[in-house]
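*Asks:* Here it is, the structure, as structure tokens.
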Amino acid sequence: MNSVANRAGYCGLDFGTSNSTVGITAGNGFALCRLEGESVTLPSAVFFDYEAHKVRFGRDGITHYIEGSEGRLLRSLKSVLGSALIDEATLIQRKRVALRDIIGMFLRHLKGLVEHQLQRAVDSVVLGRPVRFVDHDDEADRRAENELLGIAKAQGFRHVETQFEPVAAALAYEQELEREELSLIVDLGGGTSDFVIARLSPERAHHADRSQDILARTGVHIGGTDFDRRLSIAQVMPHLGYHTLVGEKRLPMPRHLYHDLATWHLIPSVYTPSNLSYLRQVLPTAEEPQLIERLIEVLFDRKGHHIASEVEAAKIALSDRRRVDLKIPLRAPVETPVTANDLDNAVHEDALRIVHAIDVCLQGADLKGGDIQSVFLTGGSTAIAEVRRLILQRVPNARPVEGDMFGSVGLGLAIDAERRFGGFRT
């Protein structure tokens, strides 16, 4: 890399809660970098493989973990930004590793992949960020952005800028336009849902400063992992004793055990000796002891991420199917039928909060829903029928436009990186 340091490159990096992408300049346009085989998306997962004594990333790490390799899997790492968890460390083979350092490992891996594809050093980057890392706490939100910037610089990015993820998606959508439109950009990510109302056109696309074209932006801390959690609580956790009565006073099982087990980045916190001890203690008094035995098995065998993966797969499948059989990976496997209506019911409350955030965005732009001419939909959760229905209902005159479900933000960040760094040389 040193031999071409004078031609150091730039990229746009979308570090997502569930998946990440990297956008690059390619010929006369923009493209997404290949990150895992031919795939341009990389699940935001880090697996410390104790058997192979190596760190694995993305699908490779998830697969090895689910297939039984001994180790530690971490997902949804972006969720710790802006929270007290960022300062905590997790135990990796008797060594405590800070969570910010694990995020750094993941960003460094992405940096190495793009440098390999471009065959040059990359030291300038535009990082995507949600409109709100943290709802209703400006100081925590600023802290989260500063943490992300600091982590990126520690991995060798010398020039680091940020762009709101829905603004990046708007820049990507604008490349397709032949005339001006008043657009609502809807970006439903893994951890956050973000919205921008913008005036977009082929002419405006050439302007370096777009601040006057962004009429309003809002965000809410709801995303695909929240929908996973809702579906898991509704459809899986009852098979593991959720609501089961235990003890002499016939009290329901502690809710926090199930909510943590259904939340990607909290799953490892459930695997404690004290939780196992508690479950074995209440087992003889349980109303349905076989369900508590299943929960003990899940904790003892550390099956939480496997269950979460099955729930996520069922959610995705229900985007175009009316029913799936969700498999709970136990020694004696359990299958439970889940319908599209079950998914709609599970996410309805969060979908209403998303629509409320859109209403706030419209108010900020001094517009009504009927004024919007197009709605650009990106992010995997835009495929959920109930979420999509409520969004489109709010903007009745808007032409729905399907974006690249997982790549629009990364492409838009590459466009922004070209504008910021295209004529720059270190």
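Residues in the structure tokens are named by chain (A, B, ... in the order shown) and by number from 1 within that chain; ligands are numbered from 1 in the order shown.
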Please provide the set of residues having any atom within 10 Å of A:Ala234, restricted to only C-alpha atoms, with same-chain residues fewer than 6 positions apart removed, written as a ChimeraX atom specification.
*Replies:* /A:228,242,338,342-343,345-346
*Asks:* Give me, as a PDB file with all heavy atoms, in the first residue's frame, all polymer residues having an atom no more than 9 Å from stretch 31-40 of chain A, counting only C-alpha atoms and skipping those fewer than 4 positions away in the same chain.
*Replies:*
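Final file, result06.pdb:
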ATOM      1  N   SER A  20     -23.752  -3.972   6.725  1.00  0.00           N
ATOM      2  CA  SER A  20     -22.922  -2.839   6.337  1.00  0.00           C
ATOM      3  C   SER A  20     -22.594  -2.908   4.858  1.00  0.00           C
ATOM      4  O   SER A  20     -22.544  -4.003   4.271  1.00  0.00           O
ATOM      5  CB  SER A  20     -21.623  -2.816   7.150  1.00  0.00           C
ATOM      6  OG  SER A  20     -21.886  -2.595   8.523  1.00  0.00           O
ATOM      7  N   THR A  21     -22.379  -1.730   4.244  1.00  0.00           N
ATOM      8  CA  THR A  21     -21.967  -1.644   2.855  1.00  0.00           C
ATOM      9  C   THR A  21     -20.893  -0.565   2.733  1.00  0.00           C
ATOM     10  O   THR A  21     -20.777   0.310   3.596  1.00  0.00           O
ATOM     11  CB  THR A  21     -23.140  -1.290   1.912  1.00  0.00           C
ATOM     12  OG1 THR A  21     -23.676  -0.012   2.300  1.00  0.00           O
ATOM     13  CG2 THR A  21     -24.227  -2.345   1.954  1.00  0.00           C
ATOM     14  N   VAL A  22     -20.134  -0.628   1.642  1.00  0.00           N
ATOM     15  CA  VAL A  22     -19.135   0.394   1.338  1.00  0.00           C
ATOM     16  C   VAL A  22     -19.322   0.818  -0.111  1.00  0.00           C
ATOM     17  O   VAL A  22     -19.294  -0.017  -1.024  1.00  0.00           O
ATOM     18  CB  VAL A  22     -17.697  -0.124   1.541  1.00  0.00           C
ATOM     19  CG1 VAL A  22     -16.684   0.981   1.200  1.00  0.00           C
ATOM     20  CG2 VAL A  22     -17.491  -0.599   2.980  1.00  0.00           C
ATOM     21  N   GLY A  23     -19.548   2.117  -0.323  1.00  0.00           N
ATOM     22  CA  GLY A  23     -19.722   2.651  -1.670  1.00  0.00           C
ATOM     23  C   GLY A  23     -18.426   3.243  -2.182  1.00  0.00           C
ATOM     24  O   GLY A  23     -17.670   3.876  -1.434  1.00  0.00           O
ATOM     25  N   ILE A  24     -18.146   3.037  -3.477  1.00  0.00           N
ATOM     26  CA  ILE A  24     -16.917   3.528  -4.103  1.00  0.00           C
ATOM     27  C   ILE A  24     -17.240   4.165  -5.445  1.00  0.00           C
ATOM     28  O   ILE A  24     -18.300   3.922  -6.029  1.00  0.00           O
ATOM     29  CB  ILE A  24     -15.895   2.385  -4.307  1.00  0.00           C
ATOM     30  CG1 ILE A  24     -16.515   1.251  -5.128  1.00  0.00           C
ATOM     31  CG2 ILE A  24     -15.379   1.867  -2.974  1.00  0.00           C
ATOM     32  CD1 ILE A  24     -15.555   0.106  -5.460  1.00  0.00           C
ATOM     33  N   THR A  25     -16.308   4.981  -5.919  1.00  0.00           N
ATOM     34  CA  THR A  25     -16.406   5.515  -7.274  1.00  0.00           C
ATOM     35  C   THR A  25     -15.945   4.439  -8.244  1.00  0.00           C
ATOM     36  O   THR A  25     -14.911   3.800  -8.043  1.00  0.00           O
ATOM     37  CB  THR A  25     -15.527   6.766  -7.427  1.00  0.00           C
ATOM     38  OG1 THR A  25     -15.953   7.736  -6.466  1.00  0.00           O
ATOM     39  CG2 THR A  25     -15.649   7.359  -8.817  1.00  0.00           C
ATOM     40  N   ALA A  26     -16.729   4.217  -9.290  1.00  0.00           N
ATOM     41  CA  ALA A  26     -16.406   3.161 -10.258  1.00  0.00           C
ATOM     42  C   ALA A  26     -16.646   3.704 -11.661  1.00  0.00           C
ATOM     43  O   ALA A  26     -17.785   3.930 -12.059  1.00  0.00           O
ATOM     44  CB  ALA A  26     -17.262   1.916 -10.012  1.00  0.00           C
ATOM     45  N   GLY A  58     -19.104 -11.233   9.528  1.00  0.00           N
ATOM     46  CA  GLY A  58     -20.242 -11.414   8.639  1.00  0.00           C
ATOM     47  C   GLY A  58     -20.826 -12.811   8.655  1.00  0.00           C
ATOM     48  O   GLY A  58     -20.908 -13.477   9.691  1.00  0.00           O
ATOM     49  N   ARG A  59     -21.241 -13.259   7.466  1.00  0.00           N
ATOM     50  CA  ARG A  59     -21.883 -14.560   7.347  1.00  0.00           C
ATOM     51  C   ARG A  59     -20.960 -15.685   7.783  1.00  0.00           C
ATOM     52  O   ARG A  59     -21.401 -16.688   8.345  1.00  0.00           O
ATOM     53  CB  ARG A  59     -22.322 -14.794   5.895  1.00  0.00           C
ATOM     54  CG  ARG A  59     -23.365 -13.818   5.393  1.00  0.00           C
ATOM     55  CD  ARG A  59     -23.606 -13.942   3.899  1.00  0.00           C
ATOM     56  NE  ARG A  59     -24.440 -12.859   3.395  1.00  0.00           N
ATOM     57  CZ  ARG A  59     -23.977 -11.650   3.087  1.00  0.00           C
ATOM     58  NH1 ARG A  59     -22.684 -11.390   3.221  1.00  0.00           N
ATOM     59  NH2 ARG A  59     -24.793 -10.724   2.652  1.00  0.00           N
ATOM     60  N   ASP A  60     -19.681 -15.533   7.503  1.00  0.00           N
ATOM     61  CA  ASP A  60     -18.709 -16.549   7.894  1.00  0.00           C
ATOM     62  C   ASP A  60     -18.736 -16.755   9.406  1.00  0.00           C
ATOM     63  O   ASP A  60     -18.781 -17.900   9.891  1.00  0.00           O
ATOM     64  CB  ASP A  60     -17.309 -16.120   7.434  1.00  0.00           C
ATOM     65  CG  ASP A  60     -16.226 -17.100   7.846  1.00  0.00           C
ATOM     66  OD1 ASP A  60     -16.405 -18.312   7.620  1.00  0.00           O
ATOM     67  OD2 ASP A  60     -15.200 -16.657   8.399  1.00  0.00           O
ATOM     68  N   LEU A 110     -13.544  -3.810   7.128  1.00  0.00           N
ATOM     69  CA  LEU A 110     -14.155  -3.179   5.955  1.00  0.00           C
ATOM     70  C   LEU A 110     -13.135  -2.353   5.186  1.00  0.00           C
ATOM     71  O   LEU A 110     -13.093  -2.385   3.946  1.00  0.00           O
ATOM     72  CB  LEU A 110     -15.327  -2.301   6.384  1.00  0.00           C
ATOM     73  CG  LEU A 110     -16.587  -3.004   6.897  1.00  0.00           C
ATOM     74  CD1 LEU A 110     -17.586  -1.984   7.398  1.00  0.00           C
ATOM     75  CD2 LEU A 110     -17.208  -3.877   5.826  1.00  0.00           C
ATOM     76  N   LEU A 113     -10.976  -4.572   3.101  1.00  0.00           N
ATOM     77  CA  LEU A 113     -11.665  -5.124   1.942  1.00  0.00           C
ATOM     78  C   LEU A 113     -11.736  -4.121   0.798  1.00  0.00           C
ATOM     79  O   LEU A 113     -11.505  -4.472  -0.369  1.00  0.00           O
ATOM     80  CB  LEU A 113     -13.083  -5.567   2.336  1.00  0.00           C
ATOM     81  CG  LEU A 113     -13.188  -6.766   3.279  1.00  0.00           C
ATOM     82  CD1 LEU A 113     -14.616  -6.945   3.751  1.00  0.00           C
ATOM     83  CD2 LEU A 113     -12.691  -8.042   2.584  1.00  0.00           C
ATOM     84  N   VAL A 114     -12.057  -2.867   1.109  1.00  0.00           N
ATOM     85  CA  VAL A 114     -12.163  -1.864   0.040  1.00  0.00           C
ATOM     86  C   VAL A 114     -10.785  -1.535  -0.514  1.00  0.00           C
ATOM     87  O   VAL A 114     -10.620  -1.325  -1.725  1.00  0.00           O
ATOM     88  CB  VAL A 114     -12.912  -0.602   0.532  1.00  0.00           C
ATOM     89  CG1 VAL A 114     -12.107   0.190   1.520  1.00  0.00           C
ATOM     90  CG2 VAL A 114     -13.313   0.275  -0.643  1.00  0.00           C
ATOM     91  N   GLN A 117      -9.930  -4.231  -2.987  1.00  0.00           N
ATOM     92  CA  GLN A 117     -10.639  -4.116  -4.263  1.00  0.00           C
ATOM     93  C   GLN A 117     -10.105  -2.949  -5.090  1.00  0.00           C
ATOM     94  O   GLN A 117      -9.962  -3.067  -6.314  1.00  0.00           O
ATOM     95  CB  GLN A 117     -12.135  -3.948  -4.031  1.00  0.00           C
ATOM     96  CG  GLN A 117     -12.924  -3.851  -5.331  1.00  0.00           C
ATOM     97  CD  GLN A 117     -14.405  -4.096  -5.150  1.00  0.00           C
ATOM     98  OE1 GLN A 117     -14.817  -4.892  -4.312  1.00  0.00           O
ATOM     99  NE2 GLN A 117     -15.227  -3.425  -5.943  1.00  0.00           N
ATOM    100  N   LEU A 118      -9.801  -1.843  -4.438  1.00  0.00           N
ATOM    101  CA  LEU A 118      -9.325  -0.665  -5.176  1.00  0.00           C
ATOM    102  C   LEU A 118      -7.832  -0.719  -5.464  1.00  0.00           C
ATOM    103  O   LEU A 118      -7.328   0.050  -6.278  1.00  0.00           O
ATOM    104  CB  LEU A 118      -9.630   0.608  -4.378  1.00  0.00           C
ATOM    105  CG  LEU A 118     -11.107   0.977  -4.209  1.00  0.00           C
ATOM    106  CD1 LEU A 118     -11.242   2.236  -3.363  1.00  0.00           C
ATOM    107  CD2 LEU A 118     -11.787   1.170  -5.559  1.00  0.00           C
ATOM    108  N   GLY A 407     -28.585  -1.182  -0.272  1.00  0.00           N
ATOM    109  CA  GLY A 407     -27.424  -0.502  -0.823  1.00  0.00           C
ATOM    110  C   GLY A 407     -27.564   0.973  -1.096  1.00  0.00           C
ATOM    111  O   GLY A 407     -26.569   1.640  -1.393  1.00  0.00           O
ATOM    112  N   GLY A 410     -25.271   3.275   1.103  1.00  0.00           N
ATOM    113  CA  GLY A 410     -23.859   3.142   0.750  1.00  0.00           C
ATOM    114  C   GLY A 410     -23.516   3.844  -0.552  1.00  0.00           C
ATOM    115  O   GLY A 410     -22.477   4.506  -0.664  1.00  0.00           O
ATOM    116  N   LEU A 411     -24.396   3.739  -1.551  1.00  0.00           N
ATOM    117  CA  LEU A 411     -24.167   4.423  -2.822  1.00  0.00           C
ATOM    118  C   LEU A 411     -24.212   5.936  -2.644  1.00  0.00           C
ATOM    119  O   LEU A 411     -23.390   6.670  -3.200  1.00  0.00           O
ATOM    120  CB  LEU A 411     -25.220   3.984  -3.844  1.00  0.00           C
ATOM    121  CG  LEU A 411     -25.067   2.574  -4.410  1.00  0.00           C
ATOM    122  CD1 LEU A 411     -26.292   2.199  -5.234  1.00  0.00           C
ATOM    123  CD2 LEU A 411     -23.797   2.459  -5.261  1.00  0.00           C
ATOM    124  N   ALA A 414     -21.084   7.204  -1.165  1.00  0.00           N
ATOM    125  CA  ALA A 414     -20.009   7.279  -2.169  1.00  0.00           C
ATOM    126  C   ALA A 414     -20.131   8.558  -2.992  1.00  0.00           C
ATOM    127  O   ALA A 414     -19.121   9.211  -3.302  1.00  0.00           O
ATOM    128  CB  ALA A 414     -20.061   6.050  -3.083  1.00  0.00           C
TER     129      ALA A 414
END
*Asks:* Determine the nearest neighbour of A:Asp344 from the options A:Arg322, A:His259, A:Arg75, A:Arg56, counting only C-alpha atoms.
*Replies:*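 Closest candidate: A:Arg322.
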*Asks:* I'd like the neighbourhood of stretch 194-203 of chain A as a VMD selection string, where a residue qualifies if any of its atoms comes within 8 Å (using only C-alpha atoms), though same-chain residues fewer than 2 positions away should be ignored.
*Replies:* chain A and resid 130 to 132 165 to 167 170 174 to 175 177 to 189 192 205 to 207 213 to 220 357 to 358 361 to 362 365
*Asks:* For N, CA, C and O atoms, I'd like the residues from the last selection saved as a short mmCIF file (atom, residue, chain, number, x, y, z; two decimals), in the first residue's frame.
*Replies:*
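Below you can see result06.cif, which holds the result:
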data_model
loop_
_atom_site.label_atom_id
_atom_site.label_comp_id
_atom_site.auth_asym_id
_atom_site.auth_seq_id
_atom_site.Cartn_x
_atom_site.Cartn_y
_atom_site.Cartn_z
N PRO A 130 -27.34 7.81 11.60
CA PRO A 130 -28.79 8.04 11.66
C PRO A 130 -29.09 9.47 12.05
O PRO A 130 -28.23 10.18 12.60
N VAL A 131 -30.29 9.92 11.77
CA VAL A 131 -30.70 11.25 12.20
C VAL A 131 -30.60 11.35 13.72
O VAL A 131 -30.19 12.37 14.28
N ARG A 132 -30.96 10.27 14.42
CA ARG A 132 -30.83 10.22 15.87
C ARG A 132 -30.18 8.90 16.26
O ARG A 132 -30.75 7.85 16.04
N GLU A 165 -27.92 9.29 7.04
CA GLU A 165 -28.21 8.16 6.15
C GLU A 165 -29.37 8.44 5.18
O GLU A 165 -29.26 8.10 4.00
N PRO A 166 -30.46 9.06 5.61
CA PRO A 166 -31.53 9.34 4.64
C PRO A 166 -31.13 10.38 3.60
O PRO A 166 -31.63 10.35 2.47
N VAL A 167 -30.24 11.32 3.95
CA VAL A 167 -29.73 12.27 2.95
C VAL A 167 -28.90 11.52 1.92
O VAL A 167 -29.01 11.77 0.71
N ALA A 170 -31.19 9.87 -0.38
CA ALA A 170 -31.75 10.86 -1.31
C ALA A 170 -30.79 11.13 -2.46
O ALA A 170 -31.21 11.25 -3.63
N GLU A 174 -31.66 10.50 -6.38
CA GLU A 174 -31.63 11.64 -7.29
C GLU A 174 -30.95 11.32 -8.61
O GLU A 174 -31.25 11.93 -9.64
N GLN A 175 -30.06 10.34 -8.61
CA GLN A 175 -29.35 9.97 -9.84
C GLN A 175 -30.32 9.44 -10.90
O GLN A 175 -30.00 9.43 -12.10
N LEU A 177 -33.49 10.60 -11.42
CA LEU A 177 -34.57 11.54 -11.75
C LEU A 177 -34.36 12.25 -13.08
O LEU A 177 -33.24 12.55 -13.47
N GLU A 178 -35.48 12.54 -13.73
CA GLU A 178 -35.47 13.32 -14.97
C GLU A 178 -36.11 14.69 -14.78
O GLU A 178 -36.02 15.55 -15.64
N ARG A 179 -36.77 14.89 -13.63
CA ARG A 179 -37.40 16.19 -13.34
C ARG A 179 -37.41 16.37 -11.82
O ARG A 179 -37.19 15.44 -11.06
N GLU A 180 -37.72 17.60 -11.41
CA GLU A 180 -37.72 17.90 -9.97
C GLU A 180 -38.88 17.21 -9.28
O GLU A 180 -39.99 17.11 -9.81
N GLU A 181 -38.61 16.75 -8.06
CA GLU A 181 -39.65 16.13 -7.24
C GLU A 181 -39.50 16.58 -5.80
O GLU A 181 -38.38 16.84 -5.32
N LEU A 182 -40.62 16.66 -5.11
CA LEU A 182 -40.64 16.85 -3.67
C LEU A 182 -40.80 15.47 -3.06
O LEU A 182 -41.86 14.83 -3.20
N SER A 183 -39.75 14.98 -2.43
CA SER A 183 -39.68 13.57 -2.06
C SER A 183 -39.56 13.37 -0.55
O SER A 183 -38.90 14.15 0.15
N LEU A 184 -40.20 12.32 -0.10
CA LEU A 184 -39.99 11.81 1.25
C LEU A 184 -39.07 10.59 1.12
O LEU A 184 -39.39 9.64 0.41
N ILE A 185 -37.93 10.64 1.81
CA ILE A 185 -37.00 9.52 1.81
C ILE A 185 -37.21 8.74 3.09
O ILE A 185 -37.12 9.30 4.20
N VAL A 186 -37.51 7.46 2.97
CA VAL A 186 -37.76 6.60 4.12
C VAL A 186 -36.65 5.54 4.17
O VAL A 186 -36.53 4.72 3.26
N ASP A 187 -35.85 5.59 5.21
CA ASP A 187 -34.75 4.64 5.38
C ASP A 187 -34.98 3.87 6.68
O ASP A 187 -34.74 4.39 7.77
N LEU A 188 -35.47 2.64 6.56
CA LEU A 188 -35.74 1.80 7.73
C LEU A 188 -34.59 0.83 7.90
O LEU A 188 -34.51 -0.20 7.23
N GLY A 189 -33.66 1.16 8.78
CA GLY A 189 -32.49 0.34 8.99
C GLY A 189 -32.69 -0.70 10.07
O GLY A 189 -33.79 -0.93 10.56
N THR A 192 -32.44 1.97 13.42
CA THR A 192 -33.14 3.25 13.42
C THR A 192 -33.96 3.40 12.15
O THR A 192 -33.68 2.75 11.13
N ALA A 205 -28.69 18.07 -8.45
CA ALA A 205 -27.70 17.03 -8.15
C ALA A 205 -26.27 17.53 -8.33
O ALA A 205 -25.34 16.95 -7.76
N HIS A 206 -26.08 18.58 -9.12
CA HIS A 206 -24.73 19.10 -9.37
C HIS A 206 -24.28 20.12 -8.33
O HIS A 206 -23.13 20.55 -8.36
N HIS A 207 -25.17 20.49 -7.42
CA HIS A 207 -24.81 21.49 -6.42
C HIS A 207 -24.01 20.84 -5.29
O HIS A 207 -24.38 19.78 -4.79
N ASP A 213 -31.90 22.35 0.03
CA ASP A 213 -32.82 21.37 -0.57
C ASP A 213 -33.38 20.40 0.45
O ASP A 213 -34.35 19.70 0.17
N ILE A 214 -32.75 20.29 1.62
CA ILE A 214 -33.23 19.40 2.68
C ILE A 214 -34.19 20.20 3.55
O ILE A 214 -33.79 21.06 4.34
N LEU A 215 -35.47 19.95 3.38
CA LEU A 215 -36.50 20.76 4.04
C LEU A 215 -36.74 20.35 5.48
O LEU A 215 -37.12 21.17 6.32
N ALA A 216 -36.54 19.08 5.79
CA ALA A 216 -36.73 18.59 7.16
C ALA A 216 -36.17 17.19 7.26
O ALA A 216 -36.08 16.47 6.27
N ARG A 217 -35.79 16.81 8.47
CA ARG A 217 -35.33 15.44 8.72
C ARG A 217 -35.74 15.05 10.14
O ARG A 217 -35.76 15.87 11.06
N THR A 218 -36.07 13.78 10.30
CA THR A 218 -36.39 13.24 11.63
C THR A 218 -35.90 11.80 11.68
O THR A 218 -35.60 11.18 10.65
N GLY A 219 -35.84 11.29 12.89
CA GLY A 219 -35.45 9.90 13.07
C GLY A 219 -36.00 9.38 14.37
O GLY A 219 -36.30 10.13 15.30
N VAL A 220 -36.15 8.06 14.44
CA VAL A 220 -36.63 7.42 15.65
C VAL A 220 -35.88 6.10 15.82
O VAL A 220 -35.55 5.43 14.84
N ALA A 357 -43.16 9.81 13.45
CA ALA A 357 -41.91 10.50 13.09
C ALA A 357 -42.03 11.14 11.71
O ALA A 357 -41.48 12.23 11.48
N ILE A 358 -42.74 10.49 10.79
CA ILE A 358 -42.98 11.08 9.48
C ILE A 358 -43.84 12.34 9.62
O ILE A 358 -43.60 13.37 8.96
N CYS A 361 -41.71 15.11 10.63
CA CYS A 361 -40.92 15.57 9.50
C CYS A 361 -41.75 16.49 8.59
O CYS A 361 -41.28 17.55 8.15
N LEU A 362 -42.98 16.10 8.32
CA LEU A 362 -43.87 16.93 7.51
C LEU A 362 -44.12 18.29 8.17
O LEU A 362 -44.10 19.33 7.51
N ALA A 365 -41.22 20.58 7.73
CA ALA A 365 -41.13 21.14 6.37
C ALA A 365 -42.32 22.03 6.04
O ALA A 365 -42.38 22.57 4.92
#
*Asks:* Please identify the alpha helix (DSSP H) residues within stretch 186-404 of chain A (assignment by DSSP from backbone atoms) and present them as JSON, numbers by chain.
*Replies:* {"A": [224, 225, 226, 227, 228, 229, 230, 231, 232, 233, 234, 235, 255, 256, 257, 258, 259, 260, 261, 273, 274, 275, 276, 277, 278, 279, 280, 281, 282, 289, 290, 291, 292, 293, 294, 295, 296, 297, 298, 299, 300, 301, 304, 305, 306, 307, 308, 309, 310, 311, 312, 313, 314, 315, 316, 317, 340, 341, 342, 343, 344, 345, 346, 347, 348, 349, 350, 351, 352, 353, 354, 355, 356, 357, 358, 359, 360, 361, 362, 363, 364, 385, 386, 387, 388, 389, 390, 391, 392, 393, 394]}
*Asks:* Give me every strand (DSSP E or B) residue in stretch 174-393 of chain A, going by DSSP on the backbone, as a VMD selection string.
*Replies:* chain A and resid 181 to 188 193 to 200 214 to 220 245 to 246 251 to 252 323 to 328 334 to 339 374 to 378
